[in-house]
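Some notes on the structure that comes next.
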Amino acid sequence: MSETEDADGTEASGEVVTTAHGSGGGQMRSLIGDLVLSRFEDAGDVGLHDLDDGAVLPVDDDQSLVVTTDSHVVKPPVFPGGDIGRLAVAGTVNDLAVMGATEPLALSCSLVVEEGVEMDFLDTVLASARATCEEAGCSVVTGDTKVMGSGDVDRLVVNTTGVGLVPRGHHVADAGLSPGDAIVVSGTLGDHGIALLSEREGFDFEGDLESDVAPVNDLVAAALDAGEVTAMKDPTRGGFATSINEMVGKADVGAEIDERSVPVADSVAAAGEVLGIEPFDVANEGKVVFGVAPEDAEDVLAALQDQPLGADAAIVGEATADHPGRVVLDTGLGRRYLTEPEGEQLPRIC
Amino acid sequence: MATDSDKDLQFRDPDTAEELTERLEELMDDIGEPVDVMHVCGSHEQAIAKFGLRSLLPDGLSVRMGPGCPVCVTNMPEVDEAVALAEDGKVVATYGDMFRVPGTARSLEDAKADGADVRVVYSASEAADIAAENPGEEVVFFATGFETTAAPTAAVLSDDPPENFSVLSAHKYVPPAMEVVAEMPDTNIDGFLAAGHAATITGYGLFEEFVADYDIPVVVGGFEPLDVLLGLERLLEYVRDGEAGLENAYPRAVSEEGNVQARDTMWDVFETESGEWRGIAEIPAANLALREEYAASDARERFDIDPDVGGEDPLTEQCICGDIMAGKADPDGCDLFGEECTPQNPVGACMVSSEGTCKIWYEYGGQPDL
Ligand code: SF4
Ligand code: SF4
């Protein structure tokens, strides 16, 4: 963008990008909306403007290609329960899966490495990426490696792109909720975000706080086999609160969530209270939020609970015709709105 | 503190909540007119909002917010001082909430974006550790908070901190602020729910004089949702009986005496002085300044602080934080709420801190008509 005018001839605002633009809430959406979306046209059944987890492009009458891409940076790059290699592979596999492409065809993997990074560290990360590929039943088929000067990038950025196939017309968008649909989550929420925040801030909580990072394609496949899934999202950045708000916003329905039925590990709840951070507001890397046709909710739940990653799955609420675009949380005591977190989550003062 | 009795108490038990809510209804029926009570602690507002407690309160019972957040009441020029120190090359350590509070011209976050060394810490001792690890740097702890954090700051100062460590105190003392609010002509408060954390240090006995002087009931309450409901129940009992009593509804943490040692250390290190609470008033004896014996660790004594004071932002003039903290308004009564003023782009401090009423309303969806 030029000093004074942008491409449309409007005056430049002088604004700069801040970390808050990257934390997944309303600010990020306006950044993407203003700068990116306005410049590219849609193609396919699900495109850029849908802001879904990936794009869906028809190949022929029978099949569509699902494509997704993500860049991964994480602090620290090796964390309790995983590392950036596992995160990059699982993140991309999961984005494909929640579009309905549960058998990833292949991934690409690009590394941007800071000069001075230890070989052993890279070795660990790539070994972990490979192991995660095996778990998910896919492989990395192309890639790229760049080395940047010290300080030009923070240790390591991993970009992964994934492709998969869905039977034409059988992808699952995140916008498909209808009133009455059950909201189902595949397991405990907040594990990744709270584990990372605790590690980063040097809190030594008793009990194990571990990231949930894992590929969920088998889990999603089991759900799709068991019943009619109307909407899906993987609640990464911005957490469950952001995902469910996005889902109701796109579908123009409301939702009622019963807080007591939402699975949250005790250790995560306790650490969240100490940090002053809501587990609903932070990232998950191995979880899925489903909308399920009401008559199939129990079957889908049972199928999830049969899976190793779905043992704690639960029906947590339902979509409603009331208060479109908003999520009401019944706390078991009173009721309030569940809103999306904005900006960086900073632990509180006391 | 977490003992077996904690488990027995079932702080979040819906049945007990229902019983308490019914009690509140009965009491309000007995009283037969609207009641306004005020809490003076951001954590109370947190609990109320997070658990949706306002949706449970009987009609006519209004729980107002008081000057309950130490970040919100920190005056802009105090922020300016911290920013000036950071820009002058000192390492400034402070609590996370303070990081983004706007000063008159800039926030610590702005200073950091321009290369200043600003660190977020969780305690005064962590700030002192940074000083110990960086003997070549001057490390200033921008210390905010009420009694709860003032006592630990005092403990660090009295325990021979590193020479390169100093404190810029913006610590505040709650009781005098309650007096000011109680005296405000257009704030008609029928009772106070006092902050349990602060009282852990100072003891609930401290409020005896206040109750007598202002003829108003005070109940010290904890922060679990049932603690809050219980505190409200006790307050309404006093209101019904027309009595100005003092009660401790948080006995598992608060005693009459408080934590004598922590309190003594606090008063060894700090003395009160008059100061401006942001948006509220100049409050006598409500700021905690370092005593002369600690001048060597007092950033104001040690450095020639020359803050870059900005002009008044027109938006700031529309901010009604002061009215909100005086119990006269709700956040959605502010024209800027959720529009010009959001947690990402805060106009007033109340939208920054996780204890700030505006932020809490924003985060938990305000007081929805559910
Ligand atoms: S310091 Fe603690 S007791 Fe005081 S207002 Fe903050 S949370 Fe409440
Ligand atoms: S919404 Fe913003 S501007 Fe309005 S009172 Fe609250 S902090 Fe001040």
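Ordering of the structure tokens sets the chain letters (A, B, ...), residue numbers begin anew at 1 in every chain, and ligands are numbered from 1 in the order given.
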Return as a VMD selection string the residues of protein, DNA or RNA that approach ligand 2 to within 9 Å, with only C-alpha atoms and all ligand atoms taken into account.
chain B and resid 72 315 to 324 329 to 343 345 to 352 356 to 359 362
Review point. Could you pull the residues within 12 Å of Arg240 in chain B, counting only C-alpha atoms, minus those fewer than 5 positions along the same chain, as a ChimeraX atom specification?
Key: /B:24,26-35,190-191,217,233-235,245
### Task
Identify, with DSSP run on backbone atoms, the residues in range 121-285 of chain A assigned to strand (DSSP E or B), and express the list as number ranges by chain.
A: 140-148, 150, 153, 156-167, 182-185, 229-233, 254-258
**Message:** Could you work out which residues of chain B fall inside 7 Å of chain A? Count only C-alpha atoms, and format the result as a list in words.
**Reply:** Pro14, Ala17, Phe51, Gly52, Leu53, Ser55, Leu56, Tyr95, Gly96, Asp97, Tyr122, Pro343, Gln344, Ser354, Glu363, Tyr364, Gly365 and Pro368 of chain B
Suppose we keep C-alpha atoms; can you now write the selection as a PDB file, in the first residue's frame?
```
ATOM      1  CA  PRO B  14     -27.667 -24.854  41.905  1.00  0.00           C
ATOM      2  CA  ALA B  17     -28.442 -20.951  44.626  1.00  0.00           C
ATOM      3  CA  PHE B  51     -22.249 -16.910  36.308  1.00  0.00           C
ATOM      4  CA  GLY B  52     -25.094 -14.814  34.969  1.00  0.00           C
ATOM      5  CA  LEU B  53     -26.208 -13.926  38.488  1.00  0.00           C
ATOM      6  CA  SER B  55     -30.523 -12.881  35.634  1.00  0.00           C
ATOM      7  CA  LEU B  56     -31.423 -14.393  39.026  1.00  0.00           C
ATOM      8  CA  TYR B  95       0.696  -6.465  35.833  1.00  0.00           C
ATOM      9  CA  GLY B  96      -0.834  -7.566  32.533  1.00  0.00           C
ATOM     10  CA  ASP B  97      -3.895  -5.413  32.971  1.00  0.00           C
ATOM     11  CA  TYR B 122       2.328 -11.664  38.092  1.00  0.00           C
ATOM     12  CA  PRO B 343     -11.331  -4.189  24.668  1.00  0.00           C
ATOM     13  CA  GLN B 344      -9.154  -3.871  21.573  1.00  0.00           C
ATOM     14  CA  SER B 354     -10.302  -7.847  33.380  1.00  0.00           C
ATOM     15  CA  GLU B 363     -16.905 -10.018  27.704  1.00  0.00           C
ATOM     16  CA  TYR B 364     -19.920 -11.627  29.316  1.00  0.00           C
ATOM     17  CA  GLY B 365     -22.561 -10.055  27.149  1.00  0.00           C
ATOM     18  CA  PRO B 368     -29.012  -9.423  28.665  1.00  0.00           C
TER      19      PRO B 368
END
```
#### Entry: CA of Ala173 in chain A to CA of Val229 in chain A, distance in Å rounded to a single decimal
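We find that CA of Ala173 in chain A and CA of Val229 in chain A lie 9.8 Å from each other.
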Notebook entry, point to check: Taking only C-alpha atoms and all ligand atoms into account, which residues are within 7 Å of ligand 1, as an MDAnalysis selection string?
Noted result: (chainID A and resid 350) or (chainID B and resid 40:44 68:70 145:149 195:198 355)
Export of the given selection (N, CA, C and O atoms) as a CSV table (one decimal), in the first residue's frame:
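Dumped everything to selection17.csv:
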```csv
chain,number,residue,atom,x,y,z
A,350,CYS,N,-5.1,-9.9,39.7
A,350,CYS,CA,-5.2,-10.5,41.0
A,350,CYS,C,-6.4,-11.4,41.1
A,350,CYS,O,-7.2,-11.5,40.2
B,40,VAL,N,-17.5,-3.3,45.7
B,40,VAL,CA,-16.4,-2.5,45.4
B,40,VAL,C,-15.2,-3.3,44.9
B,40,VAL,O,-14.1,-3.1,45.3
B,41,CYS,N,-15.5,-4.3,44.2
B,41,CYS,CA,-14.4,-5.2,43.8
B,41,CYS,C,-14.7,-5.8,42.4
B,41,CYS,O,-15.8,-6.3,42.1
B,42,GLY,N,-13.7,-5.7,41.5
B,42,GLY,CA,-13.9,-6.2,40.2
B,42,GLY,C,-14.1,-7.7,40.1
B,42,GLY,O,-14.8,-8.2,39.3
B,43,SER,N,-13.6,-8.4,41.1
B,43,SER,CA,-13.8,-9.8,41.1
B,43,SER,C,-15.3,-10.2,41.4
B,43,SER,O,-15.8,-11.2,41.0
B,44,HIS,N,-15.9,-9.3,42.2
B,44,HIS,CA,-17.3,-9.5,42.4
B,44,HIS,C,-18.1,-9.3,41.1
B,44,HIS,O,-19.0,-10.1,40.8
B,68,GLY,N,-14.1,-0.6,41.9
B,68,GLY,CA,-13.7,-1.9,42.4
B,68,GLY,C,-12.5,-2.4,41.6
B,68,GLY,O,-12.0,-3.5,41.8
B,69,CYS,N,-11.9,-1.6,40.8
B,69,CYS,CA,-10.8,-2.1,40.0
B,69,CYS,C,-9.6,-1.2,40.1
B,69,CYS,O,-9.7,0.0,39.7
B,70,PRO,N,-8.5,-1.7,40.7
B,70,PRO,CA,-7.3,-0.8,40.9
B,70,PRO,C,-6.8,-0.3,39.6
B,70,PRO,O,-6.2,0.8,39.6
B,145,GLY,N,-2.9,-1.8,42.4
B,145,GLY,CA,-3.7,-2.7,43.1
B,145,GLY,C,-4.0,-2.2,44.5
B,145,GLY,O,-3.4,-1.2,45.0
B,146,PHE,N,-5.0,-2.8,45.1
B,146,PHE,CA,-5.4,-2.5,46.4
B,146,PHE,C,-4.6,-3.2,47.4
B,146,PHE,O,-3.5,-3.7,47.1
B,147,GLU,N,-5.1,-3.3,48.6
B,147,GLU,CA,-4.4,-4.0,49.7
B,147,GLU,C,-3.8,-5.4,49.3
B,147,GLU,O,-2.7,-5.7,49.7
B,148,THR,N,-4.6,-6.1,48.5
B,148,THR,CA,-4.2,-7.4,48.1
B,148,THR,C,-2.8,-7.5,47.4
B,148,THR,O,-2.1,-8.4,47.6
B,149,THR,N,-2.5,-6.5,46.6
B,149,THR,CA,-1.2,-6.5,46.0
B,149,THR,C,-0.3,-5.5,46.7
B,149,THR,O,0.9,-5.7,46.5
B,195,ALA,N,-15.0,-6.1,49.5
B,195,ALA,CA,-14.1,-7.0,48.8
B,195,ALA,C,-13.5,-8.0,49.8
B,195,ALA,O,-12.7,-7.6,50.6
B,196,GLY,N,-13.7,-9.3,49.5
B,196,GLY,CA,-13.2,-10.3,50.4
B,196,GLY,C,-11.6,-10.4,50.3
B,196,GLY,O,-11.0,-10.6,51.3
B,197,HIS,N,-11.1,-10.2,49.1
B,197,HIS,CA,-9.6,-10.3,49.0
B,197,HIS,C,-8.9,-9.3,49.9
B,197,HIS,O,-8.0,-9.6,50.6
B,198,ALA,N,-9.4,-8.0,49.7
B,198,ALA,CA,-8.7,-7.0,50.4
B,198,ALA,C,-8.9,-7.2,51.9
B,198,ALA,O,-7.9,-6.9,52.7
B,355,GLU,N,-10.8,-6.7,35.4
B,355,GLU,CA,-11.7,-6.3,36.6
B,355,GLU,C,-12.5,-5.1,36.3
B,355,GLU,O,-13.2,-4.6,37.1
```
Run DSSP on the backbone and tell me which residues of range 68-226 of chain A come out as alpha helix (DSSP H); list them as number ranges by chain. A: 84-97, 119-136, 191-200, 217-226
Practice problem: Give the answer as one residue: which of B:Glu126, B:Glu78, B:Glu183, B:Glu208 has the shortest atom-to-atom distance to Asp306 in chain B, using only C-alpha atoms? | Solution: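 Of B:Glu126, B:Glu78, B:Glu183, B:Glu208, the one nearest Asp306 in chain B is B:Glu78, counting only C-alpha atoms.
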Can you write out as a tab-separated table which residues of range 285-360 of chain B fall within 6 Å of range 250-270 of chain B, alongside each residue's closest atom pair and its distance in Å to one decimal, counting only C-alpha atoms and ordering rows by chain and ascending residue number?
```
residue	atom	partner	partner_atom	distance
B:Leu288	CA	B:Phe270	CA	5.6
B:Ala289	CA	B:Phe270	CA	5.4
B:Leu290	CA	B:Phe270	CA	4.6
B:Arg291	CA	B:Phe270	CA	5.3
```
Store the residues of this selection in a file with C-alpha atoms, as a PDB file, in the first residue's frame.
```pdb
ATOM      1  CA  LEU B 288      -0.379   4.423  49.086  1.00  0.00           C
ATOM      2  CA  ALA B 289       2.963   6.195  48.838  1.00  0.00           C
ATOM      3  CA  LEU B 290       6.319   4.796  49.934  1.00  0.00           C
ATOM      4  CA  ARG B 291       7.486   6.067  53.288  1.00  0.00           C
TER       5      ARG B 291
END
```
Find the spatial neighbours of range 301-311 of chain A, counting only C-alpha atoms, within a cut-off of 9 Å - ignore same-chain residues fewer than 2 positions away - and output them as a tab-separated table (two decimals) with N, CA, C and O atoms, in the first residue's frame.
```tsv
chain	number	residue	atom	x	y	z
A	184	VAL	N	-22.80	-30.60	19.49
A	184	VAL	CA	-22.03	-31.68	20.11
A	184	VAL	C	-20.56	-31.28	20.07
A	184	VAL	O	-20.09	-30.77	19.05
A	185	VAL	N	-19.85	-31.48	21.16
A	185	VAL	CA	-18.40	-31.28	21.11
A	185	VAL	C	-17.72	-32.64	21.34
A	185	VAL	O	-18.25	-33.49	22.04
A	186	SER	N	-16.55	-32.79	20.72
A	186	SER	CA	-15.94	-34.12	20.70
A	186	SER	C	-15.11	-34.44	21.93
A	186	SER	O	-14.63	-35.55	22.08
A	187	GLY	N	-14.93	-33.48	22.82
A	187	GLY	CA	-14.14	-33.77	24.02
A	187	GLY	C	-13.90	-32.52	24.84
A	187	GLY	O	-14.51	-31.47	24.59
A	214	ALA	N	-4.02	-33.31	17.90
A	214	ALA	CA	-4.18	-34.63	17.28
A	214	ALA	C	-4.99	-34.51	16.01
A	214	ALA	O	-5.84	-33.63	15.89
A	216	VAL	N	-8.03	-35.39	13.77
A	216	VAL	CA	-9.36	-35.86	14.16
A	216	VAL	C	-10.14	-36.44	12.99
A	216	VAL	O	-11.35	-36.59	13.05
A	218	ASP	N	-10.39	-39.47	11.75
A	218	ASP	CA	-11.14	-40.70	12.02
A	218	ASP	C	-12.37	-40.42	12.87
A	218	ASP	O	-13.44	-40.99	12.69
A	219	LEU	N	-12.18	-39.51	13.82
A	219	LEU	CA	-13.28	-39.12	14.70
A	219	LEU	C	-14.42	-38.52	13.87
A	219	LEU	O	-15.59	-38.87	14.04
A	220	VAL	N	-14.06	-37.63	12.96
A	220	VAL	CA	-15.07	-36.99	12.12
A	220	VAL	C	-15.73	-38.04	11.22
A	220	VAL	O	-16.96	-38.04	11.04
A	222	ALA	N	-16.23	-41.12	11.83
A	222	ALA	CA	-17.17	-41.89	12.64
A	222	ALA	C	-18.48	-41.12	12.83
A	222	ALA	O	-19.57	-41.68	12.75
A	223	ALA	N	-18.36	-39.81	13.07
A	223	ALA	CA	-19.56	-39.00	13.27
A	223	ALA	C	-20.40	-38.95	11.98
A	223	ALA	O	-21.61	-39.09	12.01
A	225	ASP	N	-20.53	-41.09	9.62
A	225	ASP	CA	-21.16	-42.39	9.38
A	225	ASP	C	-22.40	-42.59	10.24
A	225	ASP	O	-23.32	-43.31	9.87
A	226	ALA	N	-22.39	-41.95	11.41
A	226	ALA	CA	-23.43	-42.26	12.39
A	226	ALA	C	-24.70	-41.44	12.22
A	226	ALA	O	-25.74	-41.82	12.76
A	286	GLY	N	-7.41	-30.57	18.79
A	286	GLY	CA	-7.84	-31.93	18.49
A	286	GLY	C	-9.31	-32.12	18.81
A	286	GLY	O	-9.70	-33.19	19.28
A	287	LYS	N	-10.09	-31.07	18.60
A	287	LYS	CA	-11.50	-31.13	18.96
A	287	LYS	C	-12.36	-30.66	17.80
A	287	LYS	O	-11.88	-29.93	16.92
A	296	ASP	N	-30.55	-37.58	15.20
A	296	ASP	CA	-29.32	-38.37	15.11
A	296	ASP	C	-28.33	-38.06	16.23
A	296	ASP	O	-27.25	-38.65	16.30
A	297	ALA	N	-28.70	-37.14	17.11
A	297	ALA	CA	-27.71	-36.64	18.08
A	297	ALA	C	-27.15	-37.76	18.95
A	297	ALA	O	-25.92	-37.86	19.14
A	298	GLU	N	-28.01	-38.62	19.46
A	298	GLU	CA	-27.53	-39.68	20.35
A	298	GLU	C	-26.62	-40.66	19.61
A	298	GLU	O	-25.63	-41.14	20.15
A	299	ASP	N	-26.99	-40.97	18.35
A	299	ASP	CA	-26.17	-41.90	17.59
A	299	ASP	C	-24.79	-41.32	17.30
A	299	ASP	O	-23.77	-42.01	17.41
A	313	ALA	N	-16.80	-36.90	24.59
A	313	ALA	CA	-17.76	-36.15	23.76
A	313	ALA	C	-19.06	-35.93	24.51
A	313	ALA	O	-19.44	-36.73	25.37
A	314	ALA	N	-19.75	-34.84	24.19
A	314	ALA	CA	-20.99	-34.53	24.90
A	314	ALA	C	-21.90	-33.67	24.03
A	314	ALA	O	-21.43	-32.91	23.18
A	315	ILE	N	-23.19	-33.82	24.28
A	315	ILE	CA	-24.16	-32.90	23.69
A	315	ILE	C	-24.21	-31.70	24.63
A	315	ILE	O	-24.47	-31.87	25.82
```
Applying 10 Å and only C-alpha atoms, which residues near Asn159 in chain A remain after dropping the ones on its own chain fewer than 2 positions away? List them as a list in words.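 These residues fall inside the cut-off: Thr69, Asp70, Ser71, His72, Val73, Gly85, Ala88, Val89, Thr92, Ser108, Cys109, Ser110, Leu111, Val112, Gly143, Asp144, Leu156, Val157 and Thr161 of chain A.
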- Task: Tell me, as a PyMOL selection string, which residues lie within 6 Å of range 115-126 of chain A, counting only C-alpha atoms; anything in the same chain fewer than 6 positions away does not count.
- Result: chain A and resi 85+148-150
Writing out the chosen residues with all heavy atoms as a PDB file, in the first residue's frame:
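For reference, result39.pdb as written:
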```
ATOM      1  N   GLY A  85       5.514 -29.375  14.746  1.00  0.00           N
ATOM      2  CA  GLY A  85       5.394 -30.314  13.627  1.00  0.00           C
ATOM      3  C   GLY A  85       4.062 -31.051  13.675  1.00  0.00           C
ATOM      4  O   GLY A  85       3.333 -31.147  12.680  1.00  0.00           O
ATOM      5  N   MET A 148      16.063 -17.748   7.159  1.00  0.00           N
ATOM      6  CA  MET A 148      16.050 -16.296   7.322  1.00  0.00           C
ATOM      7  C   MET A 148      17.137 -15.913   8.322  1.00  0.00           C
ATOM      8  O   MET A 148      17.578 -16.731   9.129  1.00  0.00           O
ATOM      9  CB  MET A 148      14.705 -15.821   7.871  1.00  0.00           C
ATOM     10  CG  MET A 148      13.493 -16.280   7.091  1.00  0.00           C
ATOM     11  SD  MET A 148      13.191 -15.273   5.640  1.00  0.00           S
ATOM     12  CE  MET A 148      12.513 -13.803   6.387  1.00  0.00           C
ATOM     13  N   GLY A 149      17.544 -14.656   8.260  1.00  0.00           N
ATOM     14  CA  GLY A 149      18.567 -14.188   9.181  1.00  0.00           C
ATOM     15  C   GLY A 149      18.069 -14.232  10.617  1.00  0.00           C
ATOM     16  O   GLY A 149      16.865 -14.258  10.870  1.00  0.00           O
ATOM     17  N   SER A 150      19.007 -14.236  11.523  1.00  0.00           N
ATOM     18  CA  SER A 150      18.600 -14.313  12.919  1.00  0.00           C
ATOM     19  C   SER A 150      17.814 -13.063  13.294  1.00  0.00           C
ATOM     20  O   SER A 150      18.178 -11.938  12.952  1.00  0.00           O
ATOM     21  CB  SER A 150      19.835 -14.556  13.774  1.00  0.00           C
ATOM     22  OG  SER A 150      19.995 -13.527  14.672  1.00  0.00           O
TER      23      SER A 150
END
```
